[in-house]
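S.K.: This is the structure I have questions about; it appears just below.
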Amino acid sequence: MNAPSSASRRYHRPARPAEAAGFIVATSGRVVVYRDDGMPLPLRSGDPVYTGDVLEAERNGAVEVTVLGMTTLTAGGNGRLVVSAAPKPIFGAGNGPG
């Protein structure tokens, strides 16, 4: 197996929450996830993804992931996705639209 890339090691990976941040919709070719231990794990359709995960599609690979809120992201050919926490809403009672 290949060693984790320097880019995947430099991202801070907080402890995974109990709930997934999204899930893998489809993969083709070799697609891996780097988690807390920095070791690559193969991904398949239906696998959960967590905040802090680094998803990598190798040269001939592609991955499609749906995150909470039903946003779908795609990466292919040496692509990388970093799953980060969604920002908190900036609008609250009395200080935004609505």
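Letters for chains follow the order of the structure tokens (A, B, ...), residue numbers begin at 1 for each chain, and ligand numbers begin at 1 in the order shown.
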With region 24-43 of chain A as the partner and 6 Å as the cut-off, tabulate the residues of region 47-66 of chain A that qualify, each row holding the nearest pair of atoms and their distance in Å to one decimal, using only C-alpha atoms, sorted by chain and rising number, as a tab-separated table.

M.R.:
residue	atom	partner	partner_atom	distance
A:Asp47	CA	A:Ile24	CA	5.3
A:Asp53	CA	A:Arg35	CA	5.3
A:Val54	CA	A:Tyr34	CA	5.1
A:Leu55	CA	A:Val33	CA	4.5
A:Glu56	CA	A:Val32	CA	5.4
A:Ala57	CA	A:Val31	CA	4.4
A:Glu58	CA	A:Arg30	CA	5.8
A:Asn60	CA	A:Gly29	CA	5.7
A:Gly61	CA	A:Gly29	CA	4.0
A:Ala62	CA	A:Ser28	CA	5.2
A:Val63	CA	A:Thr27	CA	4.5
A:Glu64	CA	A:Ala26	CA	5.2
A:Val65	CA	A:Ile24	CA	4.4

S.K.: Record the distance separating CA of Gly69 (chain A) and CA of Gly22 (chain A), expressed in Å with one decimal.

M.R.: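 Answer for the CA of Gly69 (chain A) to CA of Gly22 (chain A) separation: 8.9 Å.
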
S.K.: Just the strand (DSSP E) stuff from region 21-82 of chain A, please, per backbone DSSP, written as JSON, numbers by chain.

M.R.: {"A": [22, 23, 24, 25, 26, 27, 28, 31, 32, 33, 34, 40, 41, 42, 48, 49, 54, 55, 56, 57, 62, 63, 64, 65, 66, 67, 71, 72, 73, 74, 75, 76, 80, 81, 82]}

S.K.: Next, the residues of the selection above should be written as a PDB file, in the first residue's frame with C-alpha atoms.

M.R.:
ATOM      1  CA  GLY A  22     -22.524  11.683   4.746  1.00  0.00           C
ATOM      2  CA  PHE A  23     -22.117   8.553   2.668  1.00  0.00           C
ATOM      3  CA  ILE A  24     -20.475   7.250  -0.485  1.00  0.00           C
ATOM      4  CA  VAL A  25     -22.899   7.133  -3.410  1.00  0.00           C
ATOM      5  CA  ALA A  26     -20.585   5.592  -6.021  1.00  0.00           C
ATOM      6  CA  THR A  27     -16.947   4.771  -6.670  1.00  0.00           C
ATOM      7  CA  SER A  28     -14.935   3.626  -9.646  1.00  0.00           C
ATOM      8  CA  VAL A  31     -10.751   5.271  -3.903  1.00  0.00           C
ATOM      9  CA  VAL A  32      -9.507   5.410  -0.304  1.00  0.00           C
ATOM     10  CA  VAL A  33     -10.210   7.291   2.907  1.00  0.00           C
ATOM     11  CA  TYR A  34      -7.593   8.428   5.414  1.00  0.00           C
ATOM     12  CA  PRO A  40      -5.710   4.250   3.612  1.00  0.00           C
ATOM     13  CA  LEU A  41      -8.940   2.253   3.693  1.00  0.00           C
ATOM     14  CA  PRO A  42     -10.791   1.330   0.478  1.00  0.00           C
ATOM     15  CA  PRO A  48     -20.231   6.366   5.784  1.00  0.00           C
ATOM     16  CA  VAL A  49     -17.888   9.365   5.839  1.00  0.00           C
ATOM     17  CA  VAL A  54      -9.774  12.728   3.629  1.00  0.00           C
ATOM     18  CA  LEU A  55     -11.102  10.966   0.514  1.00  0.00           C
ATOM     19  CA  GLU A  56      -8.720  10.342  -2.380  1.00  0.00           C
ATOM     20  CA  ALA A  57      -9.421   9.004  -5.850  1.00  0.00           C
ATOM     21  CA  ALA A  62     -13.667   8.618  -9.008  1.00  0.00           C
ATOM     22  CA  VAL A  63     -15.857   9.063  -5.957  1.00  0.00           C
ATOM     23  CA  GLU A  64     -19.291  10.595  -5.415  1.00  0.00           C
ATOM     24  CA  VAL A  65     -20.278  11.457  -1.848  1.00  0.00           C
ATOM     25  CA  THR A  66     -23.504  12.911  -0.465  1.00  0.00           C
ATOM     26  CA  VAL A  67     -23.166  14.900   2.746  1.00  0.00           C
ATOM     27  CA  THR A  71     -25.228  18.067  -1.250  1.00  0.00           C
ATOM     28  CA  THR A  72     -23.406  15.736  -3.638  1.00  0.00           C
ATOM     29  CA  LEU A  73     -19.685  16.180  -4.314  1.00  0.00           C
ATOM     30  CA  THR A  74     -17.577  14.375  -6.907  1.00  0.00           C
ATOM     31  CA  ALA A  75     -13.816  13.934  -7.249  1.00  0.00           C
ATOM     32  CA  GLY A  76     -11.957  12.052  -9.926  1.00  0.00           C
ATOM     33  CA  ARG A  80      -9.179  14.801  -2.993  1.00  0.00           C
ATOM     34  CA  LEU A  81     -12.110  15.754  -0.772  1.00  0.00           C
ATOM     35  CA  VAL A  82     -11.718  16.770   2.862  1.00  0.00           C
TER      36      VAL A  82
END
